[in-house]
$ cat start_38.cif   # mmCIF, C-alpha atoms
data_run
loop_
_atom_site.label_atom_id
_atom_site.label_comp_id
_atom_site.auth_asym_id
_atom_site.auth_seq_id
_atom_site.Cartn_x
_atom_site.Cartn_y
_atom_site.Cartn_z
CA MET A 809 -78.86 -72.96 162.42
CA ASP A 810 -77.17 -69.75 161.44
CA THR A 811 -73.40 -70.13 161.24
CA THR A 812 -72.86 -66.38 160.82
CA ARG A 813 -72.89 -64.82 164.29
CA SER A 814 -72.28 -61.59 166.14
CA ILE A 815 -70.63 -63.40 169.02
CA ILE A 816 -69.24 -66.87 169.60
CA ILE A 817 -68.06 -68.16 172.97
CA ILE A 818 -65.68 -71.11 173.14
CA GLY A 819 -65.95 -72.86 176.50
CA SER A 820 -68.73 -73.82 178.89
CA GLY A 821 -67.29 -73.42 182.38
CA PRO A 822 -68.37 -70.59 184.72
CA ALA A 823 -66.60 -68.00 182.54
CA GLY A 824 -68.12 -69.09 179.23
CA LEU A 825 -71.62 -69.57 180.62
CA THR A 826 -71.66 -66.21 182.41
CA ALA A 827 -70.46 -64.54 179.21
CA ALA A 828 -73.27 -66.32 177.35
CA LEU A 829 -75.85 -65.20 179.91
CA TYR A 830 -74.86 -61.53 179.64
CA ALA A 831 -74.51 -61.63 175.86
CA ALA A 832 -77.92 -63.27 175.51
CA ARG A 833 -79.56 -60.66 177.74
CA ALA A 834 -77.94 -57.98 175.56
CA ASN A 835 -79.78 -59.55 172.57
CA LEU A 836 -76.52 -60.54 170.90
CA ARG A 837 -77.80 -64.13 170.23
CA PRO A 838 -74.56 -65.77 171.35
CA LEU A 839 -73.45 -69.18 170.14
CA LEU A 840 -71.54 -71.16 172.76
CA ILE A 841 -69.45 -74.14 171.67
CA GLU A 842 -68.88 -76.74 174.37
CA GLY A 843 -66.26 -79.45 174.00
CA VAL A 844 -65.58 -82.79 175.67
CA GLU A 845 -64.81 -81.13 179.02
CA ALA A 846 -68.19 -79.39 179.01
CA GLY A 847 -68.94 -77.61 182.27
CA GLY A 848 -65.26 -77.24 183.02
CA GLN A 849 -63.34 -78.16 186.15
CA LEU A 850 -66.33 -77.96 188.50
CA MET A 851 -67.80 -81.05 186.84
CA LEU A 852 -65.09 -83.09 188.53
CA THR A 853 -65.58 -81.81 192.03
CA THR A 854 -68.17 -82.60 194.68
CA MET A 855 -69.31 -79.91 197.11
CA VAL A 856 -68.51 -76.30 196.24
CA ASP A 857 -68.63 -74.23 199.43
CA ASN A 858 -67.00 -71.03 198.25
CA PHE A 859 -69.23 -69.89 195.39
CA PRO A 860 -71.28 -67.07 196.95
CA GLY A 861 -75.05 -67.40 196.99
CA HIS A 862 -75.17 -70.95 198.31
CA ARG A 863 -75.13 -70.91 202.09
CA ASP A 864 -75.06 -74.71 202.35
CA GLY A 865 -72.76 -75.23 199.39
CA ILE A 866 -73.73 -76.76 196.06
CA LEU A 867 -72.42 -79.76 194.10
CA GLY A 868 -70.15 -78.72 191.23
CA PRO A 869 -72.17 -80.44 188.49
CA GLU A 870 -75.38 -78.93 189.92
CA LEU A 871 -73.93 -75.43 189.88
CA MET A 872 -72.89 -75.88 186.25
CA ALA A 873 -76.33 -77.24 185.33
CA GLU A 874 -77.89 -74.12 186.89
CA MET A 875 -75.56 -71.80 184.99
CA ARG A 876 -76.21 -73.61 181.72
CA ALA A 877 -79.99 -73.50 182.17
CA GLN A 878 -79.81 -69.81 183.04
CA ALA A 879 -77.77 -69.00 179.94
CA GLU A 880 -80.22 -70.94 177.76
CA ARG A 881 -83.23 -69.29 179.38
CA PHE A 882 -82.27 -65.94 177.84
CA GLY A 883 -81.54 -67.38 174.41
CA SER A 884 -77.95 -68.67 174.34
CA GLU A 885 -77.51 -71.30 171.67
CA ILE A 886 -75.24 -74.11 172.88
CA VAL A 887 -73.69 -76.65 170.49
CA GLN A 888 -71.41 -79.61 171.17
CA GLY A 889 -68.23 -79.43 169.17
CA ASN A 890 -64.49 -79.73 169.31
CA VAL A 891 -62.97 -76.49 167.98
CA THR A 892 -60.12 -77.59 165.73
CA ALA A 893 -58.99 -74.25 164.34
CA VAL A 894 -59.60 -70.51 164.48
CA ASP A 895 -58.55 -67.73 162.13
CA LEU A 896 -58.38 -64.53 164.15
CA ALA A 897 -56.92 -62.43 161.34
CA ALA A 898 -59.91 -63.05 159.08
CA ARG A 899 -62.82 -60.63 159.15
CA PRO A 900 -65.23 -61.94 160.13
CA ILE A 901 -63.35 -64.28 162.46
CA VAL A 902 -63.52 -67.97 161.51
CA VAL A 903 -64.11 -70.80 164.00
CA ARG A 904 -63.96 -74.41 162.81
CA THR A 905 -65.12 -77.58 164.50
CA ALA A 906 -65.03 -81.11 163.11
CA GLU A 907 -68.63 -80.71 161.96
CA ALA A 908 -69.04 -77.07 160.95
CA GLU A 909 -67.48 -73.73 160.13
CA TYR A 910 -68.73 -70.52 161.78
CA THR A 911 -67.93 -66.87 161.30
CA THR A 912 -68.32 -64.22 163.95
CA ARG A 913 -67.67 -60.53 164.57
CA ALA A 914 -66.66 -61.00 168.20
CA LEU A 915 -65.08 -64.02 169.87
CA ILE A 916 -64.88 -64.82 173.57
CA VAL A 917 -62.24 -67.35 174.56
CA ALA A 918 -63.23 -69.22 177.72
CA THR A 919 -61.47 -72.53 177.13
CA GLY A 920 -60.21 -72.81 180.68
CA ALA A 921 -57.49 -75.13 181.87
CA SER A 922 -56.95 -78.89 181.93
CA ALA A 923 -55.20 -81.16 184.41
CA LYS A 924 -51.42 -81.15 184.29
CA LEU A 925 -49.67 -84.47 184.25
CA LEU A 926 -46.36 -85.36 185.92
CA GLY A 927 -44.84 -86.20 182.56
CA LEU A 928 -43.81 -89.74 183.42
CA HIS A 929 -44.07 -92.40 180.71
CA ALA A 930 -45.74 -94.76 183.18
CA GLU A 931 -48.37 -92.11 183.85
CA ARG A 932 -49.63 -92.38 180.29
CA THR A 933 -49.45 -96.14 179.97
CA LEU A 934 -51.16 -96.69 183.30
CA MET A 935 -53.82 -93.97 182.91
CA GLY A 936 -57.12 -95.57 183.83
CA ARG A 937 -55.27 -98.54 185.31
CA GLY A 938 -54.42 -96.94 188.61
CA VAL A 939 -53.35 -93.48 187.44
CA SER A 940 -56.18 -90.97 187.47
CA THR A 941 -56.90 -87.26 187.25
CA CYS A 942 -60.49 -87.59 188.41
CA ALA A 943 -61.07 -88.59 192.03
CA THR A 944 -64.84 -88.39 191.73
CA CYS A 945 -64.83 -90.72 188.71
CA ASP A 946 -62.38 -93.30 189.95
CA GLY A 947 -62.31 -93.27 193.77
CA TYR A 948 -64.83 -96.12 193.71
CA PHE A 949 -62.28 -98.54 192.28
CA PHE A 950 -60.01 -98.13 195.28
CA ARG A 951 -62.17 -99.21 198.18
CA GLY A 952 -59.99 -100.62 200.92
CA HIS A 953 -56.80 -99.80 198.99
CA ASP A 954 -53.73 -97.72 199.78
CA ILE A 955 -53.39 -94.90 197.26
CA ALA A 956 -51.54 -91.65 196.67
CA VAL A 957 -52.55 -88.12 195.73
CA VAL A 958 -49.88 -85.90 194.21
CA GLY A 959 -50.19 -82.14 194.70
CA GLY A 960 -50.24 -79.31 197.23
CA GLY A 961 -53.14 -77.07 196.26
CA ASP A 962 -56.83 -76.97 197.11
CA SER A 963 -57.69 -79.60 194.48
CA ALA A 964 -55.17 -82.03 195.94
CA MET A 965 -56.51 -81.48 199.47
CA GLU A 966 -60.10 -81.94 198.33
CA GLU A 967 -59.30 -85.07 196.35
CA ALA A 968 -57.33 -86.58 199.22
CA VAL A 969 -60.16 -85.98 201.69
CA PHE A 970 -62.76 -87.24 199.20
CA LEU A 971 -60.77 -90.41 198.55
CA THR A 972 -60.66 -91.30 202.25
CA ARG A 973 -64.32 -92.31 201.75
CA PHE A 974 -63.03 -95.26 199.77
CA ALA A 975 -59.34 -95.89 200.43
CA ASP A 976 -57.83 -97.25 203.63
CA LYS A 977 -54.86 -94.92 203.38
CA VAL A 978 -54.20 -91.85 201.24
CA THR A 979 -50.62 -90.63 201.00
CA LEU A 980 -50.34 -87.01 199.94
CA VAL A 981 -47.13 -86.35 198.01
CA HIS A 982 -45.97 -82.75 197.49
CA ARG A 983 -42.62 -81.56 196.19
CA ARG A 984 -42.28 -78.67 198.64
CA GLU A 985 -42.44 -78.44 202.40
CA THR A 986 -45.28 -75.93 202.40
CA LEU A 987 -48.64 -76.46 200.75
CA ARG A 988 -50.24 -73.78 198.61
CA ALA A 989 -53.76 -74.86 199.54
CA SER A 990 -56.04 -72.52 201.48
CA LYS A 991 -55.78 -72.76 205.27
CA ILE A 992 -59.22 -74.29 205.66
CA MET A 993 -58.51 -77.08 203.17
CA GLN A 994 -55.10 -77.80 204.72
CA ASP A 995 -56.68 -78.10 208.17
CA LYS A 996 -59.34 -80.43 206.81
CA ALA A 997 -56.72 -82.73 205.31
CA ARG A 998 -54.49 -82.66 208.36
CA ALA A 999 -57.42 -83.57 210.61
CA ASN A 1000 -58.12 -86.70 208.60
CA PRO A 1001 -56.47 -89.76 210.20
CA LYS A 1002 -56.43 -91.71 206.93
CA ILE A 1003 -54.13 -89.19 205.25
CA ALA A 1004 -50.35 -89.64 205.47
CA TRP A 1005 -47.89 -86.97 204.35
CA LEU A 1006 -44.78 -87.06 202.15
CA LEU A 1007 -43.62 -83.45 201.77
CA ASP A 1008 -40.45 -82.31 199.99
CA THR A 1009 -41.10 -85.39 197.89
CA GLU A 1010 -41.56 -86.00 194.18
CA VAL A 1011 -42.87 -89.00 192.30
CA ALA A 1012 -40.01 -90.37 190.22
CA ASP A 1013 -41.82 -93.35 188.74
CA ILE A 1014 -44.99 -95.41 188.87
CA GLN A 1015 -44.64 -99.18 188.73
CA ASP A 1016 -46.93 -102.02 187.68
CA ASN A 1017 -44.70 -105.04 188.25
CA GLY A 1018 -45.70 -106.35 184.83
CA THR A 1019 -49.38 -106.61 185.83
CA GLY A 1020 -50.68 -103.72 183.74
CA GLU A 1021 -52.06 -102.04 186.87
CA VAL A 1022 -50.37 -99.72 189.35
CA THR A 1023 -48.63 -101.61 192.17
CA ALA A 1024 -46.26 -98.98 193.60
CA MET A 1025 -44.77 -95.53 193.21
CA VAL A 1026 -41.12 -94.60 193.53
CA VAL A 1027 -40.67 -91.32 195.40
CA ARG A 1028 -37.62 -89.15 195.94
CA ASN A 1029 -37.11 -86.89 198.91
CA ASN A 1030 -35.83 -83.57 197.56
CA LYS A 1031 -33.85 -82.77 200.70
CA SER A 1032 -32.05 -86.07 201.21
CA GLY A 1033 -32.10 -87.36 197.63
CA GLU A 1034 -33.25 -90.70 199.02
CA THR A 1035 -35.65 -92.78 196.89
CA THR A 1036 -38.24 -95.13 198.36
CA THR A 1037 -40.75 -97.50 196.80
CA VAL A 1038 -44.21 -97.13 198.29
CA PRO A 1039 -46.82 -99.80 197.54
CA VAL A 1040 -49.99 -98.13 196.23
CA THR A 1041 -52.65 -99.28 193.77
CA GLY A 1042 -53.66 -95.79 192.69
CA VAL A 1043 -51.95 -92.49 191.98
CA PHE A 1044 -54.22 -89.46 191.62
CA VAL A 1045 -52.47 -86.56 189.93
CA ALA A 1046 -53.69 -83.19 191.26
CA ILE A 1047 -50.74 -80.90 190.56
CA GLY A 1048 -52.59 -78.11 188.85
CA HIS A 1049 -53.79 -77.16 185.40
CA HIS A 1050 -52.40 -75.76 182.18
CA PRO A 1051 -54.39 -73.26 180.08
CA ASN A 1052 -56.08 -74.63 176.96
CA THR A 1053 -54.54 -72.25 174.48
CA GLY A 1054 -53.01 -74.52 171.85
CA LEU A 1055 -55.60 -73.32 169.33
CA PHE A 1056 -54.43 -69.72 169.65
CA LYS A 1057 -50.66 -70.17 169.44
CA GLY A 1058 -49.19 -67.63 167.11
CA GLN A 1059 -52.49 -65.73 166.97
CA LEU A 1060 -52.93 -64.35 170.49
CA GLU A 1061 -50.33 -62.92 172.83
CA MET A 1062 -49.66 -65.24 175.76
CA ASP A 1063 -47.30 -65.37 178.70
CA ALA A 1064 -44.52 -67.93 179.02
CA ASN A 1065 -46.90 -70.49 180.53
CA GLY A 1066 -49.48 -70.20 177.77
CA TYR A 1067 -51.96 -67.99 179.61
CA ILE A 1068 -53.63 -65.48 177.26
CA SER A 1069 -52.59 -61.88 177.96
CA THR A 1070 -55.50 -59.55 178.64
CA HIS A 1071 -55.68 -55.79 179.23
CA ASP A 1072 -58.36 -53.21 179.96
CA GLY A 1073 -60.61 -55.96 181.22
CA SER A 1074 -60.85 -58.90 178.87
CA LYS A 1075 -59.24 -57.49 175.71
CA THR A 1076 -56.61 -59.65 174.03
CA SER A 1077 -53.95 -58.69 171.50
CA VAL A 1078 -56.52 -59.04 168.70
CA GLU A 1079 -59.38 -56.58 168.30
CA GLY A 1080 -62.76 -58.26 168.72
CA VAL A 1081 -61.30 -61.21 170.64
CA PHE A 1082 -61.82 -61.34 174.41
CA ALA A 1083 -60.65 -63.85 177.03
CA CYS A 1084 -62.04 -64.79 180.42
CA GLY A 1085 -61.71 -67.45 183.10
CA ASP A 1086 -58.72 -69.66 183.86
CA VAL A 1087 -57.42 -69.44 180.28
CA GLN A 1088 -56.18 -65.92 181.11
CA ASP A 1089 -55.87 -66.13 184.90
CA HIS A 1090 -53.05 -67.88 186.68
CA VAL A 1091 -53.44 -65.90 189.90
CA TYR A 1092 -56.94 -66.42 191.24
CA ARG A 1093 -58.49 -69.34 189.27
CA GLN A 1094 -61.71 -69.49 191.24
CA ALA A 1095 -65.17 -70.26 189.89
CA ILE A 1096 -66.41 -66.88 191.07
CA THR A 1097 -63.54 -64.93 189.50
CA ALA A 1098 -64.04 -66.88 186.29
CA ALA A 1099 -67.75 -66.03 186.30
CA GLY A 1100 -66.94 -62.38 187.03
CA SER A 1101 -64.49 -62.20 184.14
CA GLY A 1102 -67.05 -63.86 181.87
CA CYS A 1103 -69.44 -61.01 182.59
CA MET A 1104 -66.67 -58.50 181.81
CA ALA A 1105 -65.91 -60.21 178.51
CA ALA A 1106 -69.56 -60.07 177.44
CA LEU A 1107 -69.80 -56.36 178.31
CA ASP A 1108 -66.51 -55.63 176.53
CA ALA A 1109 -67.73 -57.55 173.47
CA GLU A 1110 -71.05 -55.70 173.52
CA ARG A 1111 -69.28 -52.33 173.53
CA TYR A 1112 -67.01 -53.49 170.71
CA LEU A 1113 -69.99 -54.55 168.59
CA GLU A 1114 -71.76 -51.25 169.19
CA ARG A 1115 -68.95 -49.08 167.81
CA MET B 701 -82.46 -93.11 178.22
CA ALA B 702 -79.87 -94.53 175.84
CA ALA B 703 -80.55 -94.58 172.12
CA GLU B 704 -82.24 -97.71 170.74
CA ASN B 705 -79.05 -98.93 169.07
CA VAL B 706 -77.14 -98.99 172.35
CA GLN B 707 -77.02 -102.38 174.08
CA THR B 708 -76.87 -102.95 177.81
CA PHE B 709 -74.09 -105.30 178.85
CA THR B 710 -73.93 -107.07 182.19
CA ASP B 711 -71.65 -109.48 184.03
CA GLY B 712 -74.22 -112.10 183.01
CA ASN B 713 -74.38 -111.46 179.25
CA PHE B 714 -70.83 -110.24 178.60
CA GLU B 715 -69.44 -113.58 177.47
CA ASP B 716 -72.13 -114.19 174.86
CA SER B 717 -72.79 -110.62 173.76
CA VAL B 718 -69.23 -109.32 173.62
CA ILE B 719 -66.58 -112.05 173.74
CA LYS B 720 -68.40 -114.43 171.40
CA ALA B 721 -69.87 -111.73 169.15
CA GLY B 722 -69.48 -112.11 165.40
CA GLN B 723 -68.69 -108.46 164.75
CA PRO B 724 -66.62 -105.91 166.70
CA VAL B 725 -68.19 -104.60 169.94
CA LEU B 726 -67.56 -101.22 171.55
CA VAL B 727 -68.15 -101.31 175.32
CA ASP B 728 -68.59 -98.08 177.30
CA PHE B 729 -67.74 -98.65 180.99
CA TRP B 730 -69.60 -96.00 183.02
CA ALA B 731 -71.20 -95.15 186.35
CA GLU B 732 -73.86 -92.79 187.64
CA TRP B 733 -71.48 -90.67 189.73
CA CYS B 734 -69.03 -90.11 186.88
CA GLY B 735 -69.55 -86.70 185.21
CA PRO B 736 -67.31 -87.30 182.20
CA CYS B 737 -69.17 -90.59 181.58
CA LYS B 738 -72.41 -88.66 181.19
CA ARG B 739 -70.63 -86.18 178.94
CA LEU B 740 -69.63 -89.07 176.70
CA ALA B 741 -73.10 -90.65 176.56
CA PRO B 742 -74.44 -88.67 173.54
CA THR B 743 -71.25 -89.47 171.64
CA VAL B 744 -71.73 -93.18 172.36
CA ASP B 745 -75.35 -92.91 171.15
CA ALA B 746 -74.13 -91.25 167.94
CA LEU B 747 -71.47 -93.94 167.38
CA ALA B 748 -74.15 -96.62 167.78
CA SER B 749 -76.14 -95.04 164.95
CA ASP B 750 -73.14 -94.37 162.73
CA TYR B 751 -71.81 -97.94 163.02
CA ALA B 752 -75.16 -99.80 163.08
CA GLY B 753 -74.69 -103.15 161.37
CA LYS B 754 -70.89 -102.93 161.48
CA VAL B 755 -70.01 -102.51 165.17
CA THR B 756 -72.21 -103.34 168.16
CA VAL B 757 -72.19 -100.53 170.73
CA GLY B 758 -73.21 -100.98 174.35
CA LYS B 759 -72.74 -99.76 177.89
CA LEU B 760 -71.74 -101.55 181.07
CA ASN B 761 -72.50 -99.98 184.45
CA VAL B 762 -69.49 -100.81 186.63
CA ASP B 763 -71.44 -100.25 189.84
CA ASP B 764 -73.94 -102.97 188.98
CA ASN B 765 -71.40 -105.19 187.23
CA PRO B 766 -68.08 -105.13 189.12
CA ASN B 767 -66.77 -108.46 187.85
CA THR B 768 -66.30 -107.44 184.24
CA ALA B 769 -64.58 -104.18 185.21
CA VAL B 770 -62.07 -106.06 187.35
CA LYS B 771 -61.52 -108.69 184.66
CA PHE B 772 -60.40 -106.04 182.16
CA GLN B 773 -58.39 -104.06 184.69
CA ILE B 774 -60.69 -101.05 184.49
CA ARG B 775 -59.69 -98.64 187.25
CA GLY B 776 -60.65 -95.44 185.52
CA ILE B 777 -63.85 -94.39 183.82
CA PRO B 778 -65.12 -93.56 181.31
CA ALA B 779 -63.32 -96.33 179.48
CA LEU B 780 -64.19 -97.44 175.96
CA LEU B 781 -62.94 -100.87 174.97
CA LEU B 782 -63.26 -102.21 171.42
CA PHE B 783 -63.51 -106.00 171.31
CA LYS B 784 -62.83 -108.03 168.17
CA GLY B 785 -62.82 -111.81 168.18
CA GLY B 786 -63.03 -111.78 171.96
CA GLN B 787 -59.88 -109.64 172.35
CA VAL B 788 -59.47 -105.99 173.36
CA VAL B 789 -58.05 -104.26 170.26
CA GLU B 790 -58.51 -100.62 171.33
CA SER B 791 -58.81 -98.95 174.69
CA VAL B 792 -59.59 -95.26 175.32
CA VAL B 793 -59.78 -93.85 178.85
CA GLY B 794 -61.47 -90.51 179.47
CA ALA B 795 -64.00 -88.50 177.47
CA ALA B 796 -62.49 -88.23 174.00
CA PRO B 797 -63.87 -86.29 171.02
CA LYS B 798 -66.01 -88.27 168.57
CA GLU B 799 -63.44 -87.93 165.76
CA ASP B 800 -60.74 -89.61 167.85
CA LEU B 801 -63.04 -92.50 168.73
CA LYS B 802 -64.04 -92.96 165.08
CA LYS B 803 -60.38 -93.12 164.08
CA ALA B 804 -59.75 -95.81 166.69
CA ILE B 805 -62.76 -97.87 165.55
CA ASP B 806 -62.08 -97.44 161.80
CA LYS B 807 -58.70 -99.14 162.20
CA HIS B 808 -60.47 -102.43 162.88
CA ILE B 809 -63.40 -102.59 160.49
#
$ encode --input "start_38.cif" --output "structure tokens"
Amino acid sequence: MDTTRSIIIIGSGPAGLTAALYAARANLRPLLIEGVEAGGQLMLTTMVDNFPGHRDGILGPELMAEMRAQAERFGSEIVQGNVTAVDLAARPIVVRTAEAEYTTRALIVATGASAKLLGLHAERTLMGRGVSTCATCDGYFFRGHDIAVVGGGDSAMEEAVFLTRFADKVTLVHRRETLRASKIMQDKARANPKIAWLLDTEVADIQDNGTGEVTAMVVRNNKSGETTTVPVTGVFVAIGHHPNTGLFKGQLEMDANGYISTHDGSKTSVEGVFACGDVQDHVYRQAITAAGSGCMAALDAERYLER
Amino acid sequence: MAAENVQTFTDGNFEDSVIKAGQPVLVDFWAEWCGPCKRLAPTVDALASDYAGKVTVGKLNVDDNPNTAVKFQIRGIPALLLFKGGQVVESVVGAAPKEDLKKAIDKHI
């Protein structure tokens, strides 16, 4: 396999795969590097009803499988690898994984965003033992249990509703009074009799009572300051995502939250480097906007390579 | 579907194949509905080849074998547990990169 490329794409969510599709059809022979979270955030969801073109909705993993197959059909080369370092000042640009080193004239960053954690010590020690960031993976273990979902966005609503298939009771904990989820998702959650609500509330601690598995959460009401211990055997954290930009610190301009700054479409602060998807979008963060920006990045890269 | 080096563990054979095994055993707890588990599968296949003769590598489907999952307090998958002398010496939850898993295994062989 040729490690000297015209274009490398890091990331395999809707943004990366759409960029690969367009770059492949432009005969740029793109190389796409997919990491452990291959397929991106849609791999962890069930039915996707808001990606246009699917009147009956489509399962997240299925949609990603379709995108991947489509990108490959036109000649995208996809390799598994964990990118450990990049050198964006070098010409050509250098991209290193644990297994190989590549050079490229143009680079498209589509590394997306990963689940944010609450930051509690107990969250880390009890991860996989009652604390989870993947409802579709772990809901099964909580059949007949009382559990909690933390968050106020669409993901939290979807996870809470999904988990009612297994749990007896799902308590939704959100630190503000108003939810930021879309109206339709809020209505869906509110209509579900198995979902209880703790708004204006934050999770202060997660307890295991010495058992090594979650037994309760301690919550604090932000208005009254009152803390309560709520018995739950699972805490699903769905409070949002942070952009995967650690690799580019000091090399690409970013905003205060780590989102890559883009201008004139997908251009970054470095010539020849383009960004698309959630890694540079903290406003919309939809699969369709990610896919759209992936197309833009490929077209911008193509124009750059043609100069 | 799994590589030839990868064993299949069950509630029935766990005691003999894992707890009483002579060499370390890496157990991948997975399920059909779990996307990240499938993402990890090729890595587990690769580890089986890399460590053939030194570490036994196998998978346990938690759907078909609920008892073992409960016994080891597995409430999140994918979960990779490294057993040595019948004890859990390493535990990794979530799809981790191959290098991280190798580091965890290398500590014990």
$ atom_distance --input "start_38.cif" --atom1 "atom CA of Asp1008 of chain A" --atom2 "atom CA of Glu931 of chain A"
20.5 Å
$ closest_residue --input "start_38.cif" --among "B:Val789, B:Ala748, B:Ile805, B:Ile774" --to "chain A" --atoms "all atoms listed in the file"
B:Ile774
$ resolve_selection --input "start_38.cif" --expression "the PyMOL selection byres ((chain B) within 12 of (chain A))" --output "VMD selection string"
chain B and resid 729 to 743 762 to 763 766 to 767 769 to 781 791 to 800
$ write_last_selection --input "start_38.cif" --atoms "C-alpha atoms" --output "short mmCIF file (atom, residue, chain, number, x, y, z; two decimals), in the frame of the given file"
data_model
loop_
_atom_site.label_atom_id
_atom_site.label_comp_id
_atom_site.auth_asym_id
_atom_site.auth_seq_id
_atom_site.Cartn_x
_atom_site.Cartn_y
_atom_site.Cartn_z
CA PHE B 729 -67.74 -98.65 180.99
CA TRP B 730 -69.60 -96.00 183.02
CA ALA B 731 -71.20 -95.15 186.35
CA GLU B 732 -73.86 -92.79 187.64
CA TRP B 733 -71.48 -90.67 189.73
CA CYS B 734 -69.03 -90.11 186.88
CA GLY B 735 -69.55 -86.70 185.21
CA PRO B 736 -67.31 -87.30 182.20
CA CYS B 737 -69.17 -90.59 181.58
CA LYS B 738 -72.41 -88.66 181.19
CA ARG B 739 -70.63 -86.18 178.94
CA LEU B 740 -69.63 -89.07 176.70
CA ALA B 741 -73.10 -90.65 176.56
CA PRO B 742 -74.44 -88.67 173.54
CA THR B 743 -71.25 -89.47 171.64
CA VAL B 762 -69.49 -100.81 186.63
CA ASP B 763 -71.44 -100.25 189.84
CA PRO B 766 -68.08 -105.13 189.12
CA ASN B 767 -66.77 -108.46 187.85
CA ALA B 769 -64.58 -104.18 185.21
CA VAL B 770 -62.07 -106.06 187.35
CA LYS B 771 -61.52 -108.69 184.66
CA PHE B 772 -60.40 -106.04 182.16
CA GLN B 773 -58.39 -104.06 184.69
CA ILE B 774 -60.69 -101.05 184.49
CA ARG B 775 -59.69 -98.64 187.25
CA GLY B 776 -60.65 -95.44 185.52
CA ILE B 777 -63.85 -94.39 183.82
CA PRO B 778 -65.12 -93.56 181.31
CA ALA B 779 -63.32 -96.33 179.48
CA LEU B 780 -64.19 -97.44 175.96
CA LEU B 781 -62.94 -100.87 174.97
CA SER B 791 -58.81 -98.95 174.69
CA VAL B 792 -59.59 -95.26 175.32
CA VAL B 793 -59.78 -93.85 178.85
CA GLY B 794 -61.47 -90.51 179.47
CA ALA B 795 -64.00 -88.50 177.47
CA ALA B 796 -62.49 -88.23 174.00
CA PRO B 797 -63.87 -86.29 171.02
CA LYS B 798 -66.01 -88.27 168.57
CA GLU B 799 -63.44 -87.93 165.76
CA ASP B 800 -60.74 -89.61 167.85
#
$ residues_around --input "start_38.cif" --residues "Arg813 of chain A" --least-positions-apart "6" --cutoff "10 Å" --atoms "only C-alpha atoms" --output "JSON, numbers by chain"
{"A": [836, 837, 838, 839, 900, 901, 910, 911, 912, 913, 914, 915]}
$ write_last_selection --input "start_38.cif" --atoms "C-alpha atoms" --output "CSV table (one decimal), in the frame of the given file"
chain,number,residue,atom,x,y,z
A,836,LEU,CA,-76.5,-60.5,170.9
A,837,ARG,CA,-77.8,-64.1,170.2
A,838,PRO,CA,-74.6,-65.8,171.4
A,839,LEU,CA,-73.4,-69.2,170.1
A,900,PRO,CA,-65.2,-61.9,160.1
A,901,ILE,CA,-63.4,-64.3,162.5
A,910,TYR,CA,-68.7,-70.5,161.8
A,911,THR,CA,-67.9,-66.9,161.3
A,912,THR,CA,-68.3,-64.2,164.0
A,913,ARG,CA,-67.7,-60.5,164.6
A,914,ALA,CA,-66.7,-61.0,168.2
A,915,LEU,CA,-65.1,-64.0,169.9
$ closest_residue --input "start_38.cif" --among "A:Gly960, A:Cys1084, A:Leu896, A:His982" --to "Ile1096 of chain A" --atoms "only C-alpha atoms"
A:Cys1084
$ closest_residue --input "start_38.cif" --among "A:Asn1029, A:Leu1113, A:Asn1017, A:Thr812" --to "Asn835 of chain A" --atoms "all atoms listed in the file"
A:Leu1113
$ residues_around --input "start_38.cif" --residues "Glu1010 of chain A" --least-positions-apart "4" --cutoff "8 Å" --atoms "only C-alpha atoms" --output "VMD selection string"
chain A and resid 981 to 983 1027 to 1030
$ resolve_selection --input "start_38.cif" --expression "the PyMOL selection byres ((chain A and resi 967) around 12)" --output "JSON, numbers by chain"
{"A": [852, 853, 854, 855, 940, 941, 942, 943, 944, 945, 946, 947, 955, 956, 957, 958, 959, 960, 961, 962, 963, 964, 965, 966, 968, 969, 970, 971, 972, 973, 974, 975, 978, 979, 980, 993, 994, 996, 997, 1003, 1043, 1044, 1045, 1046, 1047]}
$ atom_distance --input "start_38.cif" --atom1 "atom CA of Asp1089 of chain A" --atom2 "atom CA of Ala1109 of chain A"
18.6 Å
$ atom_distance --input "start_38.cif" --atom1 "atom CA of Asn713 of chain B" --atom2 "atom CA of Leu760 of chain B"
10.4 Å
$ residues_near_point --input "start_38.cif" --point "(-52.7, -78.2, 181.1)" --cutoff "12 Å" --atoms "only C-alpha atoms" --output "VMD selection string"
chain A and resid 849 919 to 927 941 1046 to 1054 1065 to 1067 1086 to 1087 1090
$ closest_residue --input "start_38.cif" --among "A:Ala918, A:Ala827, A:Met809, A:Ala834" --to "Arg876 of chain A" --atoms "all atoms listed in the file"
A:Ala827
$ resolve_selection --input "start_38.cif" --expression "the PyMOL selection byres ((chain A and resi 1079) around 12)" --output "list in words"
Leu896, Ala897, Ala898, Arg899, Pro900, Ile901, Arg913, Ala914, Leu915, Ile916, Gln1059, Leu1060, Glu1061, Thr1070, His1071, Ser1074, Lys1075, Thr1076, Ser1077, Val1078, Gly1080, Val1081, Phe1082, Ala1083, Asp1108, Ala1109, Arg1111, Tyr1112 and Leu1113 of chain A
$ residues_around --input "start_38.cif" --residues "Gln723 of chain B" --least-positions-apart "3" --cutoff "12 Å" --atoms "all atoms listed in the file" --output "number ranges by chain"
B: 717-720, 726, 751-757, 782-787, 808-809
$ decode --input "start_38.cif" --residues "segment 740-748 of chain B" --atoms "C-alpha atoms" --output "compact mmCIF listing (two decimals), in the first residue's frame"
# COMPACT_ATOMS: atom_id res chain seq x y z
CA LEU B 740 -13.23 -4.68 18.74
CA ALA B 741 -13.58 -8.14 17.18
CA PRO B 742 -10.74 -7.82 14.61
CA THR B 743 -8.44 -6.55 17.36
CA VAL B 744 -9.29 -9.57 19.50
CA ASP B 745 -8.57 -11.85 16.52
CA ALA B 746 -5.19 -10.13 16.06
CA LEU B 747 -4.34 -10.48 19.76
CA ALA B 748 -5.14 -14.20 19.56
